[in-house]
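K.L.:
Got a structure for you, questions after.
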4 protein chains.
Amino acid sequence: MTLKMTADDLKAFLKRDFTQVADDFEFVEVSERQVIMGLNASEKHLRPGGTVSGPSMFGLADVCAYFCILSRLGPVALAVTTNCSIDFMRKPAPGRILCRMELLKLGRALAVTEGRLYSDSEPEKYVARASLTYSIPPDASGVK
Amino acid sequence: MTLKMTADDLKAFLKRDFTQVADDFEFVEVSERQVIMGLNASEKHLRPGGTVSGPSMFGLADVCAYFCILSRLGPVALAVTTNCSIDFMRKPAPGRILCRMELLKLGRALAVTEGRLYSDSEPEKYVARASLTYSIPPDASGVK
Amino acid sequence: MTLKMTADDLKAFLKRDFTQVADDFEFVEVSERQVIMGLNASEKHLRPGGTVSGPSMFGLADVCAYFCILSRLGPVALAVTTNCSIDFMRKPAPGRILCRMELLKLGRALAVTEGRLYSDSEPEKYVARASLTYSIPPDASGVK
Amino acid sequence: MTLKMTADDLKAFLKRDFTQVADDFEFVEVSERQVIMGLNASEKHLRPGGTVSGPSMFGLADVCAYFCILSRLGPVALAVTTNCSIDFMRKPAPGRILCRMELLKLGRALAVTEGRLYSDSEPEKYVARASLTYSIPPDASGVK
């Protein structure tokens, strides 16, 4: 699917509309195939033992799905998560966690994404998988 | 199912093992039927516009499911979330959000919970629903 | 939510639009609170050992969610399943399986349902739980 | 992951243990990367209008996940589905439907798979996506 926003566009959007968490995330890849974002885990993202918490992984997947949709939809905002199914599969290694997200469907009313989370140091050992559905506001999709 | 931990037991456990987030949550009901917990939303839980963020709701459901299982299993710790499916249905009203969680299955290896989230001021308008599966470490379940 | 179709209305709808499977299902309760449907398991619904198969339970939940939505929406047809999350918790007892479904949200574009499946002989031991989202065609919801 | 069963092994297993549905399914690819199975849709799999029904797609995903796990675990049987999350994204084209399944985790107690369904004639337009968790009986996993 054609990109309507670049990594820089998305970054500006993130800084403006997600002020509180903008510094937690970074864009690693924004391409027609996928969007990859990283979570710079700090104290607040960790559970006892030092591993990234479930809600932090959910947050990374949610943000990554949002920007994956936006990159193809344009800066319309207001898409909202309606469903997420997430499987936690392994304890993450210490350090940065990445999420690679694909857009599987961009319909008039719904967008469906699917992605995998992994530690920077072990890209082949998935920490989690997640699929998310977003509701797209009427007239924003550009899909006829 | 018989309770093996009271609200006070769970509270002590929360304070000790979830130091960083212990003050965010409170126990509203711990009974054989269900566990209800509240999220005292502060700045960090909010999205632009002042509504509680998706990851914060996920976090509330996750913690509530954990303590729902623990209350019936005893203080064994180490149960870990393996799957969560969550549907976001309405924008929460300002103020406290509650999660009411039921334990549907407590097996040897897996526990399944299901719950609903709602604003304190509108208990009948569900903000979200969530089902979570926890993996129970061997020999912790007490189920033969 | 007010009912717009009775059990008899739904039954006629089932016979007309789901000819191939109409005899598999029956309506046990159609009320404002919930819709309960039963699956009359025959040879084709069983797995080796004689228990009802996963796809048959999925099918029961799917049909029950559909008619739960229809009973409140009126005979508009064309609502389609967009997501289902289902947890299989216990092996069903021999005999009839029931599904009790609640409508949690009826929005302009989406309807969310949640239900539990159980054997007729053991109503308190849930066999499965399922949540389903249906997409509602524009102008069918009657919700402004 | 190393294969412990070939396509022929799996086919024999399918014929023996899933007698009732064995003819509905065929193996298209059994490799270390993935397992692809096809559903030969007949009258019983169709909804009014001639499209493959949701339960039939669920059944294809379920069987494909099962044999994907078995191919890596060996002929131990008795793995059971504990969770499935499925998103239906497009109406299938007439004709054969395929499911491509990957094994994301093979643990001691749980196996997690993820796959996509598509029509034979439109392999890039996904009809559905599904993630499934299977519970593995103790001592069957071979994972220490």
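By order of appearance in the structure tokens: chains A, B, ..., then residues from 1 within every chain, and ligands from 1 in the order shown.
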Can you list, as a PDB file with C-alpha atoms, in the first residue's frame, every protein, DNA or RNA residue that comes within 7 Å of range 39-47 of chain A when you count only C-alpha atoms, leaving out same-chain residues fewer than 5 positions away?
P.N.:
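selection30.pdb, written as the output of this step:
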ATOM      1  CA  ASP A  24       9.310   6.378  24.877  1.00  0.00           C
ATOM      2  CA  PHE A  25       8.996   5.402  21.225  1.00  0.00           C
ATOM      3  CA  GLU A  26      11.073   5.685  18.089  1.00  0.00           C
ATOM      4  CA  VAL A  52       9.325  -5.063  30.322  1.00  0.00           C
ATOM      5  CA  SER A  53       5.750  -5.289  31.634  1.00  0.00           C
ATOM      6  CA  SER A  56       4.180  -1.679  28.130  1.00  0.00           C
ATOM      7  CA  LEU A  60       4.082  -0.523  22.014  1.00  0.00           C
ATOM      8  CA  GLY A  95      17.193  -3.695  26.524  1.00  0.00           C
ATOM      9  CA  ARG A  96      15.142  -2.335  23.663  1.00  0.00           C
ATOM     10  CA  ILE A  97      11.997  -4.058  22.437  1.00  0.00           C
ATOM     11  CA  LEU A  98      10.843  -3.725  18.854  1.00  0.00           C
TER      12      LEU A  98
END
K.L.:
What's around Thr6 in chain C at 12 Å? Count only C-alpha atoms, leave out sequence neighbours fewer than 6 positions away in its own chain, and write the answer as an mmCIF file with C-alpha atoms, in the first residue's frame.
P.N.:
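Saved file selection_35.cif follows:
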data_model
loop_
_atom_site.group_PDB
_atom_site.id
_atom_site.type_symbol
_atom_site.label_atom_id
_atom_site.label_comp_id
_atom_site.auth_asym_id
_atom_site.auth_seq_id
_atom_site.Cartn_x
_atom_site.Cartn_y
_atom_site.Cartn_z
ATOM 1 C CA ALA C 12 -38.336 -17.996 10.736
ATOM 2 C CA PHE C 13 -35.256 -15.982 9.807
ATOM 3 C CA PHE C 27 -33.823 -20.980 20.498
ATOM 4 C CA VAL C 28 -34.008 -21.552 24.244
ATOM 5 C CA GLU C 29 -34.422 -17.966 25.437
ATOM 6 C CA VAL C 30 -34.804 -14.629 23.673
ATOM 7 C CA SER C 31 -35.065 -11.866 26.237
ATOM 8 C CA GLU C 32 -33.865 -8.338 26.793
ATOM 9 C CA VAL C 35 -30.241 -14.957 23.937
ATOM 10 C CA PHE C 67 -29.311 -13.621 16.435
ATOM 11 C CA CYS C 68 -28.622 -11.770 19.663
ATOM 12 C CA LEU C 70 -30.614 -9.224 15.154
ATOM 13 C CA SER C 71 -33.164 -9.477 17.944
ATOM 14 C CA ARG C 72 -32.279 -5.913 18.957
ATOM 15 C CA LEU C 73 -31.559 -4.484 15.510
ATOM 16 C CA GLY C 74 -34.475 -5.899 13.572
ATOM 17 C CA PRO C 75 -34.428 -8.076 10.446
#
K.L.:
For chain B, which of C:Thr51, C:Ser121, C:Ser135, C:Ser85 is the closest residue, counting only C-alpha atoms?
P.N.:
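Going through C:Thr51, C:Ser121, C:Ser135, C:Ser85 one by one, the smallest distance to chain B is for C:Ser85.
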K.L.:
If you run DSSP over the backbone, which residues in range 13-124 of chain C end up strand (DSSP E or B)? Put them as a PyMOL selection string.
P.N.:
chain C and resi 25-30+35-39+46+52+80-88+97-106+110-119
K.L.:
Return the neighbours of chain C among the residues of chain D, cut-off 8 Å, counting only C-alpha atoms, as an mmCIF file with all heavy atoms, in the first residue's frame.
P.N.:
data_model
loop_
_atom_site.group_PDB
_atom_site.id
_atom_site.type_symbol
_atom_site.label_atom_id
_atom_site.label_comp_id
_atom_site.auth_asym_id
_atom_site.auth_seq_id
_atom_site.Cartn_x
_atom_site.Cartn_y
_atom_site.Cartn_z
ATOM 1 N N ASP D 17 -7.336 -40.221 12.415
ATOM 2 C CA ASP D 17 -7.910 -39.593 13.608
ATOM 3 C C ASP D 17 -9.001 -38.561 13.339
ATOM 4 O O ASP D 17 -9.688 -38.131 14.269
ATOM 5 C CB ASP D 17 -6.801 -38.940 14.443
ATOM 6 C CG ASP D 17 -6.017 -39.989 15.230
ATOM 7 O OD1 ASP D 17 -6.107 -41.172 14.868
ATOM 8 O OD2 ASP D 17 -5.334 -39.618 16.194
ATOM 9 N N PHE D 18 -9.130 -38.129 12.101
ATOM 10 C CA PHE D 18 -10.176 -37.157 11.780
ATOM 11 C C PHE D 18 -11.026 -37.720 10.638
ATOM 12 O O PHE D 18 -11.310 -37.023 9.662
ATOM 13 C CB PHE D 18 -9.571 -35.819 11.346
ATOM 14 C CG PHE D 18 -8.870 -35.088 12.447
ATOM 15 C CD1 PHE D 18 -7.595 -35.446 12.834
ATOM 16 C CD2 PHE D 18 -9.502 -34.034 13.099
ATOM 17 C CE1 PHE D 18 -6.947 -34.761 13.857
ATOM 18 C CE2 PHE D 18 -8.855 -33.350 14.119
ATOM 19 C CZ PHE D 18 -7.573 -33.714 14.496
ATOM 20 N N GLN D 20 -14.025 -38.194 9.879
ATOM 21 C CA GLN D 20 -15.196 -37.500 9.332
ATOM 22 C C GLN D 20 -14.867 -36.326 8.416
ATOM 23 O O GLN D 20 -15.647 -35.957 7.568
ATOM 24 C CB GLN D 20 -16.069 -36.981 10.473
ATOM 25 C CG GLN D 20 -16.809 -38.097 11.194
ATOM 26 C CD GLN D 20 -17.343 -37.600 12.509
ATOM 27 O OE1 GLN D 20 -16.605 -36.977 13.268
ATOM 28 N NE2 GLN D 20 -18.600 -37.850 12.763
ATOM 29 N N LYS D 44 -21.611 -28.266 2.343
ATOM 30 C CA LYS D 44 -21.754 -28.067 3.797
ATOM 31 C C LYS D 44 -20.894 -26.935 4.349
ATOM 32 O O LYS D 44 -21.090 -26.500 5.477
ATOM 33 C CB LYS D 44 -21.420 -29.376 4.527
ATOM 34 C CG LYS D 44 -19.962 -29.783 4.400
ATOM 35 C CD LYS D 44 -19.644 -31.068 5.181
ATOM 36 C CE LYS D 44 -18.253 -31.575 4.773
ATOM 37 N NZ LYS D 44 -17.846 -32.788 5.474
ATOM 38 N N ARG D 47 -22.186 -20.716 2.927
ATOM 39 C CA ARG D 47 -23.300 -19.909 3.404
ATOM 40 C C ARG D 47 -24.136 -19.498 2.200
ATOM 41 O O ARG D 47 -23.678 -19.591 1.060
ATOM 42 C CB ARG D 47 -22.764 -18.640 4.106
ATOM 43 C CG ARG D 47 -22.373 -18.831 5.549
ATOM 44 C CD ARG D 47 -23.628 -18.830 6.456
ATOM 45 N NE ARG D 47 -23.371 -19.498 7.748
ATOM 46 C CZ ARG D 47 -22.725 -18.940 8.759
ATOM 47 N NH1 ARG D 47 -22.261 -17.721 8.654
ATOM 48 N NH2 ARG D 47 -22.549 -19.611 9.880
ATOM 49 N N PRO D 48 -25.344 -18.991 2.448
ATOM 50 C CA PRO D 48 -26.149 -18.484 1.332
ATOM 51 C C PRO D 48 -25.310 -17.491 0.525
ATOM 52 O O PRO D 48 -24.642 -16.648 1.106
ATOM 53 C CB PRO D 48 -27.308 -17.755 2.027
ATOM 54 C CG PRO D 48 -27.402 -18.351 3.393
ATOM 55 C CD PRO D 48 -26.027 -18.812 3.748
ATOM 56 N N GLY D 54 -17.928 -18.824 8.133
ATOM 57 C CA GLY D 54 -16.978 -18.554 9.206
ATOM 58 C C GLY D 54 -16.521 -19.807 9.936
ATOM 59 O O GLY D 54 -15.320 -20.035 10.095
ATOM 60 N N PRO D 55 -17.462 -20.659 10.391
ATOM 61 C CA PRO D 55 -17.044 -21.880 11.068
ATOM 62 C C PRO D 55 -16.148 -22.778 10.209
ATOM 63 O O PRO D 55 -15.255 -23.440 10.730
ATOM 64 C CB PRO D 55 -18.376 -22.572 11.396
ATOM 65 C CG PRO D 55 -19.353 -21.446 11.517
ATOM 66 C CD PRO D 55 -18.916 -20.424 10.504
ATOM 67 N N SER D 56 -16.366 -22.776 8.886
ATOM 68 C CA SER D 56 -15.506 -23.581 8.014
ATOM 69 C C SER D 56 -14.093 -23.009 7.977
ATOM 70 O O SER D 56 -13.109 -23.754 7.947
ATOM 71 C CB SER D 56 -16.074 -23.643 6.601
ATOM 72 O OG SER D 56 -17.357 -24.235 6.611
ATOM 73 N N PHE D 58 -12.767 -21.181 10.395
ATOM 74 C CA PHE D 58 -12.233 -21.506 11.716
ATOM 75 C C PHE D 58 -11.720 -22.941 11.737
ATOM 76 O O PHE D 58 -10.632 -23.223 12.243
ATOM 77 C CB PHE D 58 -13.322 -21.315 12.791
ATOM 78 C CG PHE D 58 -12.880 -21.756 14.154
ATOM 79 C CD1 PHE D 58 -12.267 -20.871 15.017
ATOM 80 C CD2 PHE D 58 -13.068 -23.074 14.575
ATOM 81 C CE1 PHE D 58 -11.839 -21.286 16.273
ATOM 82 C CE2 PHE D 58 -12.639 -23.499 15.822
ATOM 83 C CZ PHE D 58 -12.022 -22.599 16.677
ATOM 84 N N GLY D 59 -12.511 -23.856 11.180
ATOM 85 C CA GLY D 59 -12.113 -25.264 11.164
ATOM 86 C C GLY D 59 -10.818 -25.491 10.395
ATOM 87 O O GLY D 59 -9.958 -26.263 10.830
ATOM 88 N N ASP D 62 -7.945 -24.206 12.502
ATOM 89 C CA ASP D 62 -7.748 -25.073 13.662
ATOM 90 C C ASP D 62 -6.986 -26.334 13.273
ATOM 91 O O ASP D 62 -6.024 -26.742 13.933
ATOM 92 C CB ASP D 62 -9.126 -25.416 14.248
ATOM 93 C CG ASP D 62 -9.041 -26.050 15.633
ATOM 94 O OD1 ASP D 62 -8.087 -25.746 16.369
ATOM 95 O OD2 ASP D 62 -9.945 -26.838 15.968
ATOM 96 N N THR D 81 -6.863 -27.332 21.440
ATOM 97 C CA THR D 81 -6.991 -25.887 21.287
ATOM 98 C C THR D 81 -7.465 -25.267 22.595
ATOM 99 O O THR D 81 -8.463 -25.705 23.166
ATOM 100 C CB THR D 81 -8.049 -25.552 20.210
ATOM 101 O OG1 THR D 81 -7.858 -26.407 19.091
ATOM 102 C CG2 THR D 81 -7.937 -24.102 19.774
ATOM 103 N N THR D 82 -6.760 -24.251 23.073
ATOM 104 C CA THR D 82 -7.257 -23.539 24.255
ATOM 105 C C THR D 82 -7.762 -22.152 23.907
ATOM 106 O O THR D 82 -8.641 -21.632 24.572
ATOM 107 C CB THR D 82 -6.166 -23.415 25.347
ATOM 108 O OG1 THR D 82 -5.029 -22.737 24.788
ATOM 109 C CG2 THR D 82 -5.734 -24.783 25.836
ATOM 110 N N ASN D 83 -7.184 -21.529 22.885
ATOM 111 C CA ASN D 83 -7.641 -20.190 22.501
ATOM 112 C C ASN D 83 -7.508 -19.990 21.003
ATOM 113 O O ASN D 83 -6.553 -20.466 20.392
ATOM 114 C CB ASN D 83 -6.809 -19.118 23.230
ATOM 115 C CG ASN D 83 -7.099 -17.703 22.722
ATOM 116 O OD1 ASN D 83 -6.403 -17.189 21.851
ATOM 117 N ND2 ASN D 83 -8.149 -17.082 23.226
ATOM 118 N N CYS D 84 -8.463 -19.281 20.429
ATOM 119 C CA CYS D 84 -8.324 -18.825 19.051
ATOM 120 C C CYS D 84 -8.847 -17.404 18.940
ATOM 121 O O CYS D 84 -9.920 -17.084 19.445
ATOM 122 C CB CYS D 84 -9.092 -19.719 18.084
ATOM 123 S SG CYS D 84 -9.055 -19.065 16.376
ATOM 124 N N SER D 85 -8.059 -16.558 18.301
ATOM 125 C CA SER D 85 -8.537 -15.239 17.936
ATOM 126 C C SER D 85 -8.496 -15.153 16.420
ATOM 127 O O SER D 85 -7.458 -15.409 15.804
ATOM 128 C CB SER D 85 -7.646 -14.164 18.542
ATOM 129 O OG SER D 85 -7.988 -12.902 17.994
ATOM 130 N N ILE D 86 -9.635 -14.852 15.820
ATOM 131 C CA ILE D 86 -9.715 -14.841 14.360
ATOM 132 C C ILE D 86 -10.372 -13.549 13.882
ATOM 133 O O ILE D 86 -11.342 -13.080 14.473
ATOM 134 C CB ILE D 86 -10.462 -16.106 13.846
ATOM 135 C CG1 ILE D 86 -10.426 -16.205 12.317
ATOM 136 C CG2 ILE D 86 -11.874 -16.174 14.363
ATOM 137 C CD1 ILE D 86 -10.816 -17.597 11.783
ATOM 138 N N ASP D 87 -9.795 -12.943 12.862
ATOM 139 C CA ASP D 87 -10.359 -11.750 12.230
ATOM 140 C C ASP D 87 -10.768 -12.095 10.807
ATOM 141 O O ASP D 87 -9.938 -12.571 10.019
ATOM 142 C CB ASP D 87 -9.318 -10.615 12.180
ATOM 143 C CG ASP D 87 -8.981 -10.074 13.543
ATOM 144 O OD1 ASP D 87 -9.784 -9.294 14.077
ATOM 145 O OD2 ASP D 87 -7.927 -10.445 14.082
ATOM 146 N N PHE D 88 -12.029 -11.851 10.504
ATOM 147 C CA PHE D 88 -12.516 -12.065 9.141
ATOM 148 C C PHE D 88 -12.425 -10.733 8.410
ATOM 149 O O PHE D 88 -12.991 -9.735 8.852
ATOM 150 C CB PHE D 88 -13.953 -12.573 9.171
ATOM 151 C CG PHE D 88 -14.086 -13.895 9.880
ATOM 152 C CD1 PHE D 88 -14.536 -13.958 11.193
ATOM 153 C CD2 PHE D 88 -13.740 -15.075 9.246
ATOM 154 C CE1 PHE D 88 -14.646 -15.178 11.857
ATOM 155 C CE2 PHE D 88 -13.852 -16.305 9.904
ATOM 156 C CZ PHE D 88 -14.302 -16.351 11.214
ATOM 157 N N MET D 89 -11.716 -10.710 7.284
ATOM 158 C CA MET D 89 -11.390 -9.427 6.668
ATOM 159 C C MET D 89 -12.040 -9.185 5.314
ATOM 160 O O MET D 89 -12.309 -8.049 4.948
ATOM 161 C CB MET D 89 -9.877 -9.298 6.578
ATOM 162 C CG MET D 89 -9.227 -9.374 7.976
ATOM 163 S SD MET D 89 -7.479 -8.972 7.985
ATOM 164 C CE MET D 89 -6.803 -10.475 7.255
#
K.L.:
CA of Cys64 in chain C and CA of Gly115 in chain D, how far apart in Å?
P.N.:
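Those two atoms sit 25.8 Å apart.
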K.L.:
Quick one: distance from CA of Val112 in chain C to CA of Val127 in chain B in Å, one decimal?
P.N.:
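Result for CA of Val112 in chain C versus CA of Val127 in chain B: 11.5 Å, one decimal.
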K.L.:
List every residue of chain A that DSSP, applied to the backbone of this structure, assigns to helix (DSSP H, G or I), and report them as a PyMOL selection string.
P.N.:
chain A and resi 7-17+22-24+43-45+54-73
K.L.:
Go ahead and dump the residues you just picked, N, CA and C atoms, as a compact mmCIF listing (two decimals), in the first residue's frame.
P.N.:
# COMPACT_ATOMS: atom_id res chain seq x y z
N ALA A 7 8.41 8.68 7.78
CA ALA A 7 8.81 8.53 9.18
C ALA A 7 8.86 9.88 9.88
N ASP A 8 9.34 10.91 9.18
CA ASP A 8 9.43 12.24 9.79
C ASP A 8 8.04 12.83 10.08
N ASP A 9 7.11 12.63 9.12
CA ASP A 9 5.73 13.07 9.34
C ASP A 9 5.15 12.41 10.60
N LEU A 10 5.36 11.10 10.69
CA LEU A 10 4.79 10.35 11.81
C LEU A 10 5.40 10.81 13.13
N LYS A 11 6.71 11.08 13.08
CA LYS A 11 7.42 11.50 14.28
C LYS A 11 6.87 12.84 14.79
N ALA A 12 6.60 13.74 13.86
CA ALA A 12 6.04 15.04 14.25
C ALA A 12 4.65 14.85 14.85
N PHE A 13 3.88 13.96 14.25
CA PHE A 13 2.53 13.64 14.73
C PHE A 13 2.60 13.05 16.15
N LEU A 14 3.53 12.14 16.34
CA LEU A 14 3.71 11.50 17.65
C LEU A 14 4.04 12.54 18.72
N LYS A 15 4.95 13.45 18.38
CA LYS A 15 5.37 14.47 19.35
C LYS A 15 4.22 15.40 19.72
N ARG A 16 3.38 15.69 18.73
CA ARG A 16 2.32 16.67 18.95
C ARG A 16 1.13 16.04 19.70
N ASP A 17 0.75 14.82 19.29
CA ASP A 17 -0.50 14.26 19.81
C ASP A 17 -0.31 13.25 20.95
N ALA A 22 5.75 10.40 23.92
CA ALA A 22 6.50 10.54 22.66
C ALA A 22 7.96 10.09 22.80
N ASP A 23 8.57 10.36 23.94
CA ASP A 23 9.98 10.03 24.09
C ASP A 23 10.22 8.53 24.33
N ASP A 24 9.15 7.81 24.63
CA ASP A 24 9.31 6.38 24.88
C ASP A 24 9.52 5.61 23.57
N GLU A 43 12.47 2.90 33.69
CA GLU A 43 11.96 2.36 34.96
C GLU A 43 10.46 2.07 34.94
N LYS A 44 9.68 3.01 34.43
CA LYS A 44 8.22 2.86 34.49
C LYS A 44 7.67 1.72 33.63
N HIS A 45 8.50 1.22 32.70
CA HIS A 45 8.02 0.12 31.85
C HIS A 45 8.36 -1.25 32.40
N GLY A 54 3.79 -6.36 30.71
CA GLY A 54 2.77 -6.64 29.71
C GLY A 54 2.11 -5.37 29.18
N PRO A 55 1.63 -4.48 30.06
CA PRO A 55 1.00 -3.25 29.56
C PRO A 55 1.94 -2.40 28.69
N SER A 56 3.24 -2.44 28.97
CA SER A 56 4.18 -1.68 28.13
C SER A 56 4.29 -2.30 26.74
N MET A 57 4.26 -3.63 26.69
CA MET A 57 4.29 -4.30 25.39
C MET A 57 2.99 -4.04 24.63
N PHE A 58 1.88 -4.09 25.35
CA PHE A 58 0.60 -3.75 24.73
C PHE A 58 0.65 -2.34 24.17
N GLY A 59 1.20 -1.41 24.96
CA GLY A 59 1.29 -0.01 24.53
C GLY A 59 2.13 0.15 23.27
N LEU A 60 3.23 -0.58 23.20
CA LEU A 60 4.08 -0.52 22.01
C LEU A 60 3.33 -1.04 20.78
N ALA A 61 2.65 -2.17 20.94
CA ALA A 61 1.89 -2.73 19.81
C ALA A 61 0.78 -1.78 19.37
N ASP A 62 0.13 -1.17 20.33
CA ASP A 62 -1.00 -0.27 20.04
C ASP A 62 -0.52 0.96 19.27
N VAL A 63 0.56 1.56 19.73
CA VAL A 63 1.11 2.75 19.06
C VAL A 63 1.62 2.38 17.66
N CYS A 64 2.27 1.24 17.55
CA CYS A 64 2.84 0.83 16.28
C CYS A 64 1.73 0.55 15.26
N ALA A 65 0.66 -0.07 15.71
CA ALA A 65 -0.48 -0.32 14.82
C ALA A 65 -1.10 1.00 14.36
N TYR A 66 -1.24 1.91 15.30
CA TYR A 66 -1.83 3.22 14.99
C TYR A 66 -1.04 3.94 13.90
N PHE A 67 0.28 3.97 14.05
CA PHE A 67 1.09 4.69 13.08
C PHE A 67 1.24 3.91 11.77
N CYS A 68 1.12 2.61 11.84
CA CYS A 68 1.11 1.81 10.62
C CYS A 68 -0.12 2.16 9.79
N ILE A 69 -1.26 2.31 10.44
CA ILE A 69 -2.50 2.69 9.73
C ILE A 69 -2.38 4.13 9.22
N LEU A 70 -1.94 5.02 10.08
CA LEU A 70 -1.83 6.43 9.73
C LEU A 70 -0.91 6.65 8.53
N SER A 71 0.18 5.89 8.47
CA SER A 71 1.14 6.09 7.38
C SER A 71 0.50 5.83 6.03
N ARG A 72 -0.55 5.02 6.01
CA ARG A 72 -1.23 4.68 4.76
C ARG A 72 -2.52 5.46 4.56
N LEU A 73 -3.01 6.05 5.63
CA LEU A 73 -4.32 6.71 5.60
C LEU A 73 -4.13 8.22 5.49
K.L.:
Have a look at CA of Tyr118 in chain B and CA of Leu78 in chain B and let me know their distance in Å, one decimal.
P.N.:
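Separation of CA of Tyr118 in chain B and CA of Leu78 in chain B: 28.0 Å.
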